[in-house]
file structure.pdb (PDB, C-alpha atoms)
ATOM      1  CA  MET A   1       0.000   0.000   0.000  1.00  0.00           C
ATOM      2  CA  SER A   2       1.091   3.487  -0.665  1.00  0.00           C
ATOM      3  CA  PRO A   3       1.168   6.066   2.125  1.00  0.00           C
ATOM      4  CA  SER A   4      -1.929   8.180   2.376  1.00  0.00           C
ATOM      5  CA  VAL A   5      -1.726  11.647   0.896  1.00  0.00           C
ATOM      6  CA  PRO A   6      -3.758  14.492   2.434  1.00  0.00           C
ATOM      7  CA  ALA A   7      -6.704  15.730   0.400  1.00  0.00           C
ATOM      8  CA  SER A   8      -5.041  19.107   0.017  1.00  0.00           C
ATOM      9  CA  GLY A   9      -2.749  17.692  -2.602  1.00  0.00           C
ATOM     10  CA  GLY A  10       0.331  16.963  -0.519  1.00  0.00           C
ATOM     11  CA  GLY A  11       2.630  19.076   1.508  1.00  0.00           C
ATOM     12  CA  PRO A  12       3.252  19.445   5.195  1.00  0.00           C
ATOM     13  CA  GLY A  13      -0.387  19.940   6.166  1.00  0.00           C
ATOM     14  CA  PRO A  14      -2.286  22.969   7.391  1.00  0.00           C
ATOM     15  CA  VAL A  15      -0.475  25.969   8.848  1.00  0.00           C
ATOM     16  CA  ALA A  16      -1.151  26.823  12.506  1.00  0.00           C
ATOM     17  CA  GLY A  17      -4.117  29.120  12.743  1.00  0.00           C
ATOM     18  CA  HIS A  18      -5.552  27.947   9.433  1.00  0.00           C
ATOM     19  CA  GLY A  19      -7.426  24.795  10.313  1.00  0.00           C
ATOM     20  CA  ALA A  20      -4.602  23.140  12.265  1.00  0.00           C
ATOM     21  CA  ARG A  21      -5.589  20.910  15.151  1.00  0.00           C
ATOM     22  CA  SER A  22      -3.803  20.539  18.462  1.00  0.00           C
ATOM     23  CA  VAL A  23      -3.028  17.145  19.935  1.00  0.00           C
ATOM     24  CA  GLN A  24      -6.416  17.028  21.730  1.00  0.00           C
ATOM     25  CA  GLY A  25      -8.298  17.730  18.496  1.00  0.00           C
ATOM     26  CA  ARG A  26      -9.151  21.344  19.319  1.00  0.00           C
ATOM     27  CA  PRO A  27      -8.167  24.150  16.945  1.00  0.00           C
ATOM     28  CA  ALA A  28      -4.650  25.446  17.623  1.00  0.00           C
ATOM     29  CA  PRO A  29      -4.513  29.097  18.708  1.00  0.00           C
ATOM     30  CA  PRO A  30      -3.447  31.454  15.901  1.00  0.00           C
ATOM     31  CA  ARG A  31       0.071  32.817  16.079  1.00  0.00           C
ATOM     32  CA  ALA A  32       0.456  36.528  16.712  1.00  0.00           C
ATOM     33  CA  ALA A  33       1.604  38.335  13.610  1.00  0.00           C
ATOM     34  CA  ARG A  34       4.818  40.294  14.046  1.00  0.00           C
ATOM     35  CA  PRO A  35       5.072  43.660  12.364  1.00  0.00           C
ATOM     36  CA  PRO A  36       7.856  43.791   9.830  1.00  0.00           C
ATOM     37  CA  SER A  37      11.009  45.202  11.343  1.00  0.00           C
ATOM     38  CA  PRO A  38      13.148  47.716   9.468  1.00  0.00           C
ATOM     39  CA  PRO A  39      16.316  46.372   7.947  1.00  0.00           C
ATOM     40  CA  VAL A  40      18.751  46.603  10.839  1.00  0.00           C
ATOM     41  CA  PRO A  41      21.957  46.938   8.820  1.00  0.00           C
ATOM     42  CA  ALA A  42      20.588  49.935   6.903  1.00  0.00           C
ATOM     43  CA  MET A  43      19.442  51.672  10.097  1.00  0.00           C
ATOM     44  CA  ALA A  44      22.737  50.945  11.822  1.00  0.00           C
ATOM     45  CA  ALA A  45      24.636  52.338   8.847  1.00  0.00           C
ATOM     46  CA  ALA A  46      22.482  55.480   8.822  1.00  0.00           C
ATOM     47  CA  PHE A  47      23.075  56.108  12.534  1.00  0.00           C
ATOM     48  CA  THR A  48      26.791  55.450  12.137  1.00  0.00           C
ATOM     49  CA  ALA A  49      26.968  57.939   9.268  1.00  0.00           C
ATOM     50  CA  LEU A  50      25.016  60.510  11.287  1.00  0.00           C
ATOM     51  CA  ARG A  51      27.301  60.013  14.309  1.00  0.00           C
ATOM     52  CA  VAL A  52      30.475  60.392  12.238  1.00  0.00           C
ATOM     53  CA  LEU A  53      29.210  63.445  10.335  1.00  0.00           C
ATOM     54  CA  LEU A  54      27.993  65.130  13.511  1.00  0.00           C
ATOM     55  CA  GLY A  55      31.306  64.393  15.224  1.00  0.00           C
ATOM     56  CA  LEU A  56      33.235  65.872  12.294  1.00  0.00           C
ATOM     57  CA  PHE A  57      30.964  68.924  12.333  1.00  0.00           C
ATOM     58  CA  PHE A  58      31.772  69.546  16.002  1.00  0.00           C
ATOM     59  CA  LEU A  59      35.458  68.962  15.289  1.00  0.00           C
ATOM     60  CA  LEU A  60      35.317  71.609  12.560  1.00  0.00           C
ATOM     61  CA  THR A  61      33.431  74.157  14.677  1.00  0.00           C
ATOM     62  CA  GLY A  62      35.913  73.608  17.506  1.00  0.00           C
ATOM     63  CA  VAL A  63      38.883  74.173  15.200  1.00  0.00           C
ATOM     64  CA  VAL A  64      37.327  77.430  13.942  1.00  0.00           C
ATOM     65  CA  LYS A  65      37.082  78.618  17.551  1.00  0.00           C
ATOM     66  CA  LEU A  66      40.705  77.711  18.268  1.00  0.00           C
ATOM     67  CA  SER A  67      42.512  78.840  15.152  1.00  0.00           C
ATOM     68  CA  GLU A  68      42.466  81.359  12.345  1.00  0.00           C
ATOM     69  CA  GLN A  69      43.781  78.726   9.907  1.00  0.00           C
ATOM     70  CA  LEU A  70      40.390  77.797   8.407  1.00  0.00           C
ATOM     71  CA  SER A  71      38.818  81.252   8.399  1.00  0.00           C
ATOM     72  CA  ALA A  72      40.332  84.320  10.003  1.00  0.00           C
ATOM     73  CA  ASP A  73      37.068  86.282   9.609  1.00  0.00           C
ATOM     74  CA  LEU A  74      34.985  83.602  11.264  1.00  0.00           C
ATOM     75  CA  HIS A  75      37.501  83.238  14.097  1.00  0.00           C
ATOM     76  CA  ARG A  76      37.411  87.003  14.740  1.00  0.00           C
ATOM     77  CA  HIS A  77      33.608  86.921  14.672  1.00  0.00           C
ATOM     78  CA  MET A  78      33.615  84.081  17.231  1.00  0.00           C
ATOM     79  CA  LYS A  79      35.954  86.088  19.470  1.00  0.00           C
ATOM     80  CA  SER A  80      33.604  89.065  19.445  1.00  0.00           C
ATOM     81  CA  GLU A  81      30.540  86.857  20.018  1.00  0.00           C
ATOM     82  CA  PHE A  82      32.122  85.155  23.027  1.00  0.00           C
ATOM     83  CA  VAL A  83      32.575  88.584  24.656  1.00  0.00           C
ATOM     84  CA  ARG A  84      28.763  88.827  24.568  1.00  0.00           C
ATOM     85  CA  PHE A  85      28.315  85.182  25.567  1.00  0.00           C
ATOM     86  CA  ALA A  86      30.533  85.619  28.637  1.00  0.00           C
ATOM     87  CA  GLU A  87      28.271  88.436  29.863  1.00  0.00           C
ATOM     88  CA  VAL A  88      25.306  86.034  30.174  1.00  0.00           C
ATOM     89  CA  PHE A  89      27.235  82.903  31.164  1.00  0.00           C
ATOM     90  CA  PRO A  90      24.760  80.682  33.081  1.00  0.00           C
ATOM     91  CA  LEU A  91      27.076  80.177  36.084  1.00  0.00           C
ATOM     92  CA  LYS A  92      27.727  83.914  36.452  1.00  0.00           C
ATOM     93  CA  GLU A  93      24.972  84.059  39.084  1.00  0.00           C
ATOM     94  CA  PHE A  94      27.076  81.694  41.207  1.00  0.00           C
ATOM     95  CA  GLY A  95      30.166  83.867  40.965  1.00  0.00           C
ATOM     96  CA  PHE A  96      31.863  82.145  38.027  1.00  0.00           C
ATOM     97  CA  ALA A  97      32.407  84.604  35.182  1.00  0.00           C
ATOM     98  CA  PRO A  98      34.782  83.319  32.506  1.00  0.00           C
ATOM     99  CA  GLU A  99      37.173  85.529  30.597  1.00  0.00           C
ATOM    100  CA  PRO A 100      35.827  85.613  26.995  1.00  0.00           C
ATOM    101  CA  GLY A 101      39.048  84.421  25.333  1.00  0.00           C
ATOM    102  CA  ARG A 102      39.406  81.517  27.760  1.00  0.00           C
ATOM    103  CA  TYR A 103      35.707  80.688  27.360  1.00  0.00           C
ATOM    104  CA  LEU A 104      36.129  80.490  23.573  1.00  0.00           C
ATOM    105  CA  GLU A 105      39.218  78.322  23.968  1.00  0.00           C
ATOM    106  CA  VAL A 106      37.587  75.876  26.402  1.00  0.00           C
ATOM    107  CA  VAL A 107      34.455  75.467  24.259  1.00  0.00           C
ATOM    108  CA  GLY A 108      36.657  75.006  21.175  1.00  0.00           C
ATOM    109  CA  TRP A 109      38.773  72.271  22.798  1.00  0.00           C
ATOM    110  CA  VAL A 110      35.714  70.517  24.202  1.00  0.00           C
ATOM    111  CA  GLU A 111      34.126  70.500  20.737  1.00  0.00           C
ATOM    112  CA  VAL A 112      37.316  69.201  19.103  1.00  0.00           C
ATOM    113  CA  VAL A 113      37.874  66.363  21.571  1.00  0.00           C
ATOM    114  CA  ALA A 114      34.209  65.425  21.984  1.00  0.00           C
ATOM    115  CA  GLY A 115      33.662  65.606  18.208  1.00  0.00           C
ATOM    116  CA  LEU A 116      36.562  63.225  17.581  1.00  0.00           C
ATOM    117  CA  LEU A 117      35.326  60.829  20.250  1.00  0.00           C
ATOM    118  CA  LEU A 118      31.760  60.994  18.958  1.00  0.00           C
ATOM    119  CA  ALA A 119      32.923  60.186  15.443  1.00  0.00           C
ATOM    120  CA  PHE A 120      35.608  57.586  16.094  1.00  0.00           C
ATOM    121  CA  GLY A 121      35.730  56.653  19.782  1.00  0.00           C
ATOM    122  CA  PRO A 122      34.561  53.478  21.488  1.00  0.00           C
ATOM    123  CA  GLN A 123      30.876  53.330  22.426  1.00  0.00           C
ATOM    124  CA  LEU A 124      31.323  54.426  26.048  1.00  0.00           C
ATOM    125  CA  LEU A 125      33.306  57.521  25.017  1.00  0.00           C
ATOM    126  CA  GLN A 126      30.773  58.218  22.256  1.00  0.00           C
ATOM    127  CA  GLU A 127      28.020  58.283  24.857  1.00  0.00           C
ATOM    128  CA  ILE A 128      30.025  60.538  27.175  1.00  0.00           C
ATOM    129  CA  SER A 129      30.900  62.941  24.352  1.00  0.00           C
ATOM    130  CA  ASN A 130      27.269  62.937  23.209  1.00  0.00           C
ATOM    131  CA  PHE A 131      26.226  64.028  26.708  1.00  0.00           C
ATOM    132  CA  ILE A 132      28.920  66.725  26.889  1.00  0.00           C
ATOM    133  CA  LEU A 133      28.044  68.108  23.458  1.00  0.00           C
ATOM    134  CA  SER A 134      24.349  68.084  24.398  1.00  0.00           C
ATOM    135  CA  VAL A 135      25.152  70.204  27.463  1.00  0.00           C
ATOM    136  CA  ILE A 136      27.177  72.596  25.270  1.00  0.00           C
ATOM    137  CA  MET A 137      24.226  72.911  22.850  1.00  0.00           C
ATOM    138  CA  ILE A 138      21.771  73.534  25.707  1.00  0.00           C
ATOM    139  CA  GLY A 139      24.134  76.256  26.952  1.00  0.00           C
ATOM    140  CA  ALA A 140      24.337  77.750  23.460  1.00  0.00           C
ATOM    141  CA  ILE A 141      20.546  77.836  23.111  1.00  0.00           C
ATOM    142  CA  TYR A 142      20.194  79.364  26.591  1.00  0.00           C
ATOM    143  CA  THR A 143      22.795  82.025  25.795  1.00  0.00           C
ATOM    144  CA  LEU A 144      21.169  82.993  22.496  1.00  0.00           C
ATOM    145  CA  LEU A 145      17.727  83.200  24.074  1.00  0.00           C
ATOM    146  CA  VAL A 146      18.994  85.354  26.975  1.00  0.00           C
ATOM    147  CA  LEU A 147      20.671  87.673  24.454  1.00  0.00           C
ATOM    148  CA  ARG A 148      17.301  87.865  22.655  1.00  0.00           C
ATOM    149  CA  GLU A 149      18.768  86.720  19.371  1.00  0.00           C
ATOM    150  CA  PRO A 150      16.258  85.807  16.659  1.00  0.00           C
ATOM    151  CA  LEU A 151      15.042  82.220  16.806  1.00  0.00           C
ATOM    152  CA  SER A 152      16.777  81.580  13.494  1.00  0.00           C
ATOM    153  CA  MET A 153      20.090  82.030  15.348  1.00  0.00           C
ATOM    154  CA  CYS A 154      19.079  79.179  17.682  1.00  0.00           C
ATOM    155  CA  ALA A 155      18.279  76.820  14.798  1.00  0.00           C
ATOM    156  CA  PRO A 156      21.782  75.327  14.307  1.00  0.00           C
ATOM    157  CA  ALA A 157      22.249  74.598  18.015  1.00  0.00           C
ATOM    158  CA  THR A 158      18.703  73.239  18.262  1.00  0.00           C
ATOM    159  CA  LEU A 159      19.224  70.986  15.242  1.00  0.00           C
ATOM    160  CA  CYS A 160      22.533  69.703  16.634  1.00  0.00           C
ATOM    161  CA  LEU A 161      20.911  69.051  20.019  1.00  0.00           C
ATOM    162  CA  GLY A 162      18.057  67.182  18.350  1.00  0.00           C
ATOM    163  CA  LEU A 163      20.466  65.013  16.358  1.00  0.00           C
ATOM    164  CA  LEU A 164      22.551  64.302  19.466  1.00  0.00           C
ATOM    165  CA  LEU A 165      19.439  63.253  21.361  1.00  0.00           C
ATOM    166  CA  LEU A 166      18.342  61.086  18.437  1.00  0.00           C
ATOM    167  CA  LEU A 167      21.712  59.348  18.491  1.00  0.00           C
ATOM    168  CA  ASN A 168      21.426  58.911  22.232  1.00  0.00           C
ATOM    169  CA  ILE A 169      17.947  57.380  22.016  1.00  0.00           C
ATOM    170  CA  ARG A 170      18.075  55.364  18.788  1.00  0.00           C
ATOM    171  CA  GLY A 171      21.718  55.230  17.826  1.00  0.00           C
ATOM    172  CA  HIS A 172      22.556  51.998  19.594  1.00  0.00           C
ATOM    173  CA  ALA A 173      21.612  48.494  18.598  1.00  0.00           C
ATOM    174  CA  ASP A 174      19.056  46.744  20.767  1.00  0.00           C
ATOM    175  CA  PRO A 175      20.577  44.077  22.981  1.00  0.00           C
ATOM    176  CA  PRO A 176      20.405  40.655  21.367  1.00  0.00           C
ATOM    177  CA  LYS A 177      17.328  38.662  22.333  1.00  0.00           C
ATOM    178  CA  PRO A 178      17.700  35.111  23.622  1.00  0.00           C
ATOM    179  CA  LYS A 179      17.162  32.503  20.916  1.00  0.00           C
ATOM    180  CA  PHE A 180      14.805  30.392  23.007  1.00  0.00           C
ATOM    181  CA  GLU A 181      11.928  32.913  22.931  1.00  0.00           C
TER     182      GLU A 181
END
call {"tool": "encode", "arguments": {"input": "structure.pdb", "output": "structure tokens"}}
result
Amino acid sequence: MSPSVPASGGGPGPVAGHGARSVQGRPAPPRAARPPSPPVPAMAAAFTALRVLLGLFFLLTGVVKLSEQLSADLHRHMKSEFVRFAEVFPLKEFGFAPEPGRYLEVVGWVEVVAGLLLAFGPQLLQEISNFILSVIMIGAIYTLLVLREPLSMCAPATLCLGLLLLLNIRGHADPPKPKFE
């Protein structure tokens, strides 16, 4: 005798949730449908590119603050702006009033180092530099608002802060899930 073939025309039998029967003869519960997940490698590559570009941007802005080599006019403009920024420094109320030239230099070095670490450092240092740069951007937005600059002047710092927060929230891969789930 030949083995019996199901009436459906062969194959492995019904799929769970579509007429399948459990061992006791009752219908098997349908499986929950999973929403399609975005392609992880593409998302990871996009966040990596964003992190590197943002880090290089901060590196560049820090170098402009430290040196006249890239643009003497822009460096002079930064020097004059930091005189105004020092007048409304957030910690001035607590007795700490930075000298404008030193203030410019410190912010420039922080941006250079944190930008490099954000772009090319190990994950822990990327997270630390992301936090530091976020604090710098919050300070920049605060300073511009206190000086009553137009909102358009706050846009670059706000955009950078938003991108830093995006990297902080979504820029890391989810921890691997156990295979037995």
call {"tool": "residues_around", "arguments": {"input": "structure.pdb", "residues": "range 143-158 of chain A", "least_positions_apart": "6", "cutoff": "10 Å", "atoms": "all atoms listed in the file", "output": "list in words"}}
result
Arg84, Phe85, Ala86, Glu87, Val88, Phe89, Pro90, Ser134, Ile136, Met137 and Leu164 of chain A
call {"tool": "resolve_selection", "arguments": {"input": "structure.pdb", "expression": "the PyMOL selection byres ((chain A and resi 64-80) around 10)", "output": "tab-separated table (two decimals) with C-alpha atoms, keeping the file's coordinate frame"}}
result
chain	number	residue	atom	x	y	z
A	58	PHE	CA	31.77	69.55	16.00
A	59	LEU	CA	35.46	68.96	15.29
A	60	LEU	CA	35.32	71.61	12.56
A	61	THR	CA	33.43	74.16	14.68
A	62	GLY	CA	35.91	73.61	17.51
A	63	VAL	CA	38.88	74.17	15.20
A	81	GLU	CA	30.54	86.86	20.02
A	82	PHE	CA	32.12	85.16	23.03
A	83	VAL	CA	32.58	88.58	24.66
A	84	ARG	CA	28.76	88.83	24.57
A	85	PHE	CA	28.32	85.18	25.57
A	100	PRO	CA	35.83	85.61	27.00
A	101	GLY	CA	39.05	84.42	25.33
A	103	TYR	CA	35.71	80.69	27.36
A	104	LEU	CA	36.13	80.49	23.57
A	105	GLU	CA	39.22	78.32	23.97
A	106	VAL	CA	37.59	75.88	26.40
A	107	VAL	CA	34.46	75.47	24.26
A	108	GLY	CA	36.66	75.01	21.18
A	109	TRP	CA	38.77	72.27	22.80
A	111	GLU	CA	34.13	70.50	20.74
A	112	VAL	CA	37.32	69.20	19.10
call {"tool": "atom_distance", "arguments": {"input": "structure.pdb", "atom1": "CA of Ala49 in chain A", "atom2": "CA of Gly115 in chain A"}}
result
13.5 Å
call {"tool": "resolve_selection", "arguments": {"input": "structure.pdb", "expression": "the PyMOL selection byres ((chain A and resi 165) around 12)", "output": "ChimeraX atom specification"}}
result
/A:47,50-51,54,127,129-135,137-138,158-164,166-172
call {"tool": "write_last_selection", "arguments": {"input": "structure.pdb", "atoms": "C-alpha atoms", "output": "mmCIF file, in the coordinates of the input"}}
result
data_model
loop_
_atom_site.group_PDB
_atom_site.id
_atom_site.type_symbol
_atom_site.label_atom_id
_atom_site.label_comp_id
_atom_site.auth_asym_id
_atom_site.auth_seq_id
_atom_site.Cartn_x
_atom_site.Cartn_y
_atom_site.Cartn_z
ATOM 1 C CA PHE A 47 23.075 56.108 12.534
ATOM 2 C CA LEU A 50 25.016 60.510 11.287
ATOM 3 C CA ARG A 51 27.301 60.013 14.309
ATOM 4 C CA LEU A 54 27.993 65.130 13.511
ATOM 5 C CA GLU A 127 28.020 58.283 24.857
ATOM 6 C CA SER A 129 30.900 62.941 24.352
ATOM 7 C CA ASN A 130 27.269 62.937 23.209
ATOM 8 C CA PHE A 131 26.226 64.028 26.708
ATOM 9 C CA ILE A 132 28.920 66.725 26.889
ATOM 10 C CA LEU A 133 28.044 68.108 23.458
ATOM 11 C CA SER A 134 24.349 68.084 24.398
ATOM 12 C CA VAL A 135 25.152 70.204 27.463
ATOM 13 C CA MET A 137 24.226 72.911 22.850
ATOM 14 C CA ILE A 138 21.771 73.534 25.707
ATOM 15 C CA THR A 158 18.703 73.239 18.262
ATOM 16 C CA LEU A 159 19.224 70.986 15.242
ATOM 17 C CA CYS A 160 22.533 69.703 16.634
ATOM 18 C CA LEU A 161 20.911 69.051 20.019
ATOM 19 C CA GLY A 162 18.057 67.182 18.350
ATOM 20 C CA LEU A 163 20.466 65.013 16.358
ATOM 21 C CA LEU A 164 22.551 64.302 19.466
ATOM 22 C CA LEU A 166 18.342 61.086 18.437
ATOM 23 C CA LEU A 167 21.712 59.348 18.491
ATOM 24 C CA ASN A 168 21.426 58.911 22.232
ATOM 25 C CA ILE A 169 17.947 57.380 22.016
ATOM 26 C CA ARG A 170 18.075 55.364 18.788
ATOM 27 C CA GLY A 171 21.718 55.230 17.826
ATOM 28 C CA HIS A 172 22.556 51.998 19.594
#
call {"tool": "atom_distance", "arguments": {"input": "structure.pdb", "atom1": "CA of Val110 in chain A", "atom2": "CA of Phe96 in chain A"}}
result
18.5 Å
call {"tool": "atom_distance", "arguments": {"input": "structure.pdb", "atom1": "CA of Val52 in chain A", "atom2": "CA of Arg102 in chain A"}}
result
27.7 Å
call {"tool": "axis_aligned_box", "arguments": {"input": "structure.pdb", "around": "range 90-98 of chain A", "padding_each_side": "3 Å", "output": "AutoDock Vina command-line options"}}
result
--center_x 29.8 --center_y 82.4 --center_z 36.9 --size_x 16.0 --size_y 10.4 --size_z 14.7
call {"tool": "decode", "arguments": {"input": "structure.pdb", "residues": "range 152-167 of chain A", "atoms": "C-alpha atoms", "output": "PDB file, in the first residue's frame"}}
result
ATOM      1  CA  SER A 152      16.777  81.580  13.494  1.00  0.00           C
ATOM      2  CA  MET A 153      20.090  82.030  15.348  1.00  0.00           C
ATOM      3  CA  CYS A 154      19.079  79.179  17.682  1.00  0.00           C
ATOM      4  CA  ALA A 155      18.279  76.820  14.798  1.00  0.00           C
ATOM      5  CA  PRO A 156      21.782  75.327  14.307  1.00  0.00           C
ATOM      6  CA  ALA A 157      22.249  74.598  18.015  1.00  0.00           C
ATOM      7  CA  THR A 158      18.703  73.239  18.262  1.00  0.00           C
ATOM      8  CA  LEU A 159      19.224  70.986  15.242  1.00  0.00           C
ATOM      9  CA  CYS A 160      22.533  69.703  16.634  1.00  0.00           C
ATOM     10  CA  LEU A 161      20.911  69.051  20.019  1.00  0.00           C
ATOM     11  CA  GLY A 162      18.057  67.182  18.350  1.00  0.00           C
ATOM     12  CA  LEU A 163      20.466  65.013  16.358  1.00  0.00           C
ATOM     13  CA  LEU A 164      22.551  64.302  19.466  1.00  0.00           C
ATOM     14  CA  LEU A 165      19.439  63.253  21.361  1.00  0.00           C
ATOM     15  CA  LEU A 166      18.342  61.086  18.437  1.00  0.00           C
ATOM     16  CA  LEU A 167      21.712  59.348  18.491  1.00  0.00           C
TER      17      LEU A 167
END
